[in-house]
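Engineer: Structure below; questions to follow.
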Amino acid sequence: MASDRLRTAWTRYKALRHNELFAPAQWKRRIALWSGGILVGVAAIVFARGSDLAFAGFERVVAISPWLPLLLTPAVFAGLAWLTLGALKSTRGSGIPQVIAAIEVEDTGFRARLLSLPVAAGKMLLTLVALAGGASIGREGPTVHVGAGLMLWLGRRFGYTDPKILSRFILAGGGAGIAAAFNTPLAGVVFAIEELAGTYEHRFSGIVLTAVIFAGVVSLGVSGNYAYFGKVDAILPLGQGWLAVALCGVCGGIGGGLFARLILLDESGVLGRIATLRQRAPIRFAAACGLTLAVLGVFSGSAIYGTGYAQAHALVQATHDQAATFGLLKLAANTLSYWAGIPGGIFSPALAVGAGMGNTLASLLGGTDPKAVVLLGMAAFLAGVTQAPLTAAVISLELTANQSLILPIMAVCLLSRAFSTLACPTPIYRAFASRLVEQRQSPDAPVSAGPQG
């Protein structure tokens with residue numbers, strides 16, 4: 001009888017070991033993801049604080065004289081272009097296309113070139129330098145790049161070598177990065193599935209959710225429970241309010257699509273000639289972009305430098321004093337910064353452009369809550385640029401802690417995405433990722449079509 005009980009207990013023990021909840025292999029993966037989420041959360045917070053300090057340094061320069069950027073910004077752009085011509089080439093651009101390409105191509109060497117720790121460290125450092133030079137860039141895309149690189153490194157340290165498993169670690173790191181950067185956990189999950197993976201898989205969702213939770217816990221523990229733009233109490237009644245949805249959707253979609261087309265620099269027409277100029281003299285071209293940006297900065301009263309967070313925050317809270325031309329000038333600043341080929345993202349600057357667009361449209365819609373129109377403009381322009389309507393909708397709602405505009409924001413994002421495809425048929429991040437894959441397959445192919453994403 002005792003031996004029977006022992007055999008029964010042993011059988012149950014073996015069954016428990018093979019159960020997904022108790023299996024050692026599953027716990028190894030969980031610990032790796034938990035550790036990675038914490039690491040990404042810490043990196044995102046350090047990066048955010050560093051970004052604030054870097055741009056504060058630039059603002060002190062502008063306070064001395066608004067003309068100093070005419071010297072500083074071109075020099076910084078030229079220096080960054082020179083630094084990223086060689087081994088740090090993968091630090092250029094937002095970093096999101098690099099993550100998409102690394103997920104799609106299960107090649108160890110290719111992933112190392114895109115997501116190695118030196119690339120992640122270089123991404124953070126050079127983005128801070130760019131902000132200190134007044135570049136019109138964001139840190140959210142670079143945080144996705146850094147998060148994916150850290151998670152890939154950690155997965156390898158835990159002994160994972162299967163390319164498909166490492167793809168999931170990369171995906172989880174990217175999602176945790178966007179969640180920690182914006183303090184938007186739900187948006188992190190949606191972004192990873194809609195934008196990075198481009199598909200839904202049950203296993204993907206669980207892995208991403210795990211990493212996002214732990215990155216979010218770190219962010220909440222250090223920064224507290226806050227909305228990125230503060231709580232926005234805005235309502236949009238039926239009737240003229242839904243006219244705002246149509247107007248913002250059309251303008252945001254076409255504007256976002258045109259911006260995506262501009263920074264893609266297709267190899268034809270005027271954009272093709274601009275791409276050729278950059279290929280022939282990348283350092284001088286970057287300096288020219290920096291000088292033009294600084295001229296616009298003087299003209300705008302220094303409003304177009306940096307991420308645009310302060311301006312977007314003031315617009316969405318209706319405490320602004322921005323000119324009606326802010327959106328267009330910020331759009332030009334974003335384009336010049338991206339053309340220069342320097343490290344930096346487009347998420348925050350795109351939100352600032354959308355807020356400026358919404359502010360201009362609100363002046364045409366008397367009787368409609370201007371804060372609601374600004375929020376719709378932000379969501380619409382972001383959806384137009386990324387062509388990821390669900391991500392744009394969720395981010396916009398979480399950034400402002402607004403629940404009353406759920407349906408209008410979802411509608412404006414879907415409408416914007418539809419009109420964006422008229423100007424730019426291929427989603428911007430996917431287009432840049434495809435170029436990275438093509439360059440891997442044809443190392444001698446020209447790279448004049450655009451920065452690394």
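By order in the structure tokens, chains are A, B, ...; within a chain, residues start at 1; ligands start at 1, following the order shown.
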Based on the backbone DSSP call, show me all residues of range 138-170 of chain A assigned helix (DSSP H, G or I), as an mmCIF file with N, CA and C atoms, in the first residue's frame.

Structural biologist:
data_model
loop_
_atom_site.group_PDB
_atom_site.id
_atom_site.type_symbol
_atom_site.label_atom_id
_atom_site.label_comp_id
_atom_site.auth_asym_id
_atom_site.auth_seq_id
_atom_site.Cartn_x
_atom_site.Cartn_y
_atom_site.Cartn_z
ATOM 1 N N GLU A 140 10.631 58.106 -27.803
ATOM 2 C CA GLU A 140 9.840 56.882 -27.645
ATOM 3 C C GLU A 140 10.286 55.782 -28.606
ATOM 4 N N GLY A 141 10.481 56.127 -29.886
ATOM 5 C CA GLY A 141 10.992 55.136 -30.832
ATOM 6 C C GLY A 141 12.339 54.587 -30.411
ATOM 7 N N PRO A 142 13.311 55.461 -30.045
ATOM 8 C CA PRO A 142 14.571 54.951 -29.526
ATOM 9 C C PRO A 142 14.419 54.072 -28.287
ATOM 10 N N THR A 143 13.438 54.364 -27.432
ATOM 11 C CA THR A 143 13.227 53.518 -26.257
ATOM 12 C C THR A 143 12.775 52.120 -26.670
ATOM 13 N N VAL A 144 11.953 52.030 -27.726
ATOM 14 C CA VAL A 144 11.568 50.728 -28.269
ATOM 15 C C VAL A 144 12.808 49.971 -28.750
ATOM 16 N N HIS A 145 13.686 50.662 -29.445
ATOM 17 C CA HIS A 145 14.925 50.069 -29.958
ATOM 18 C C HIS A 145 15.785 49.565 -28.801
ATOM 19 N N VAL A 146 15.970 50.396 -27.796
ATOM 20 C CA VAL A 146 16.781 50.028 -26.638
ATOM 21 C C VAL A 146 16.144 48.857 -25.888
ATOM 22 N N GLY A 147 14.825 48.907 -25.697
ATOM 23 C CA GLY A 147 14.137 47.823 -24.991
ATOM 24 C C GLY A 147 14.281 46.498 -25.699
ATOM 25 N N ALA A 148 14.145 46.499 -27.016
ATOM 26 C CA ALA A 148 14.301 45.262 -27.776
ATOM 27 C C ALA A 148 15.722 44.728 -27.675
ATOM 28 N N GLY A 149 16.711 45.638 -27.748
ATOM 29 C CA GLY A 149 18.100 45.210 -27.636
ATOM 30 C C GLY A 149 18.416 44.623 -26.273
ATOM 31 N N LEU A 150 17.927 45.257 -25.223
ATOM 32 C CA LEU A 150 18.163 44.742 -23.873
ATOM 33 C C LEU A 150 17.503 43.381 -23.671
ATOM 34 N N MET A 151 16.289 43.232 -24.172
ATOM 35 C CA MET A 151 15.578 41.972 -23.990
ATOM 36 C C MET A 151 16.236 40.851 -24.787
ATOM 37 N N LEU A 152 16.731 41.146 -25.992
ATOM 38 C CA LEU A 152 17.446 40.138 -26.775
ATOM 39 C C LEU A 152 18.715 39.706 -26.053
ATOM 40 N N TRP A 153 19.461 40.664 -25.530
ATOM 41 C CA TRP A 153 20.683 40.355 -24.783
ATOM 42 C C TRP A 153 20.374 39.479 -23.569
ATOM 43 N N LEU A 154 19.317 39.825 -22.839
ATOM 44 C CA LEU A 154 18.975 39.063 -21.636
ATOM 45 C C LEU A 154 18.522 37.650 -22.002
ATOM 46 N N GLY A 155 17.745 37.509 -23.093
ATOM 47 C CA GLY A 155 17.316 36.191 -23.520
ATOM 48 C C GLY A 155 18.503 35.286 -23.818
ATOM 49 N N ARG A 156 19.516 35.844 -24.452
ATOM 50 C CA ARG A 156 20.718 35.055 -24.730
ATOM 51 C C ARG A 156 21.460 34.710 -23.452
ATOM 52 N N ARG A 157 21.499 35.634 -22.488
ATOM 53 C CA ARG A 157 22.176 35.351 -21.214
ATOM 54 C C ARG A 157 21.478 34.216 -20.466
ATOM 55 N N PRO A 163 15.881 30.984 -32.647
ATOM 56 C CA PRO A 163 15.534 32.295 -33.216
ATOM 57 C C PRO A 163 14.088 32.697 -32.993
ATOM 58 N N LYS A 164 13.164 31.732 -33.018
ATOM 59 C CA LYS A 164 11.752 32.070 -32.821
ATOM 60 C C LYS A 164 11.487 32.527 -31.389
ATOM 61 N N ILE A 165 12.134 31.877 -30.423
ATOM 62 C CA ILE A 165 11.977 32.303 -29.033
ATOM 63 C C ILE A 165 12.574 33.686 -28.836
ATOM 64 N N LEU A 166 13.741 33.929 -29.438
ATOM 65 C CA LEU A 166 14.369 35.239 -29.318
ATOM 66 C C LEU A 166 13.529 36.321 -29.999
ATOM 67 N N SER A 167 12.795 35.957 -31.052
ATOM 68 C CA SER A 167 11.883 36.917 -31.682
ATOM 69 C C SER A 167 10.846 37.400 -30.679
ATOM 70 N N ARG A 168 10.382 36.486 -29.847
ATOM 71 C CA ARG A 168 9.385 36.867 -28.841
ATOM 72 C C ARG A 168 9.991 37.768 -27.781
ATOM 73 N N PHE A 169 11.255 37.530 -27.443
ATOM 74 C CA PHE A 169 11.919 38.421 -26.497
ATOM 75 C C PHE A 169 12.061 39.821 -27.092
ATOM 76 N N ILE A 170 12.426 39.901 -28.367
ATOM 77 C CA ILE A 170 12.553 41.199 -29.036
ATOM 78 C C ILE A 170 11.212 41.923 -29.030
#

Engineer: Quick one: everything within 7 Å of range 281-291 of chain A, counting only C-alpha atoms, minus sequence neighbours fewer than 3 positions away in the same chain. Send it as a PyMOL selection string.

Structural biologist: chain A and resi 70+73-75+77-78+81-82+277-278+294-295+336-337+340

Engineer: What's around range 104-109 of chain A at 9 Å? Count only C-alpha atoms, leave out sequence neighbours fewer than 2 positions away in its own chain, and write the answer as a ChimeraX atom specification.

Structural biologist: /A:99-102,111-114,163-164,166-167,197,437

Engineer: Calculated over only C-alpha atoms, which of the candidates A:Val40, A:Leu71, A:Ala352, A:Leu405 has the smallest distance to Ile137 in chain A?

Structural biologist: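 Of A:Val40, A:Leu71, A:Ala352, A:Leu405, the one nearest Ile137 in chain A, counting only C-alpha atoms, is A:Ala352.
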
Engineer: Which of these residues is nearest to Leu397 in chain A, using only C-alpha atoms: A:Ala48, A:Leu85, A:Leu186, A:Val245?

Structural biologist: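 Nearest candidate to Leu397 in chain A out of A:Ala48, A:Leu85, A:Leu186, A:Val245: A:Leu186.
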
Engineer: Between A:Met124, A:Ala393, A:Val316, A:Leu33, which residue has the minimum interatomic distance to Arg49 in chain A, considering only C-alpha atoms?

Structural biologist: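 For Arg49 in chain A, the nearest of the candidates is A:Met124.
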
Engineer: Just to confirm, what's the straight-line distance from CA of Val46 in chain A to CA of Ser94 in chain A in Å (one decimal)?

Structural biologist: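 Those two atoms sit 17.9 Å apart.
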
Engineer: Which residues are near range 422-430 of chain A? Cut-off 12 Å, only C-alpha atoms, ignore same chain within fewer than 5 positions. Put them as an MDAnalysis selection string.

Structural biologist: chainID A and resid 93:104 141 194:198 250:266 345:347 382:389 415:417 435:437 450:453
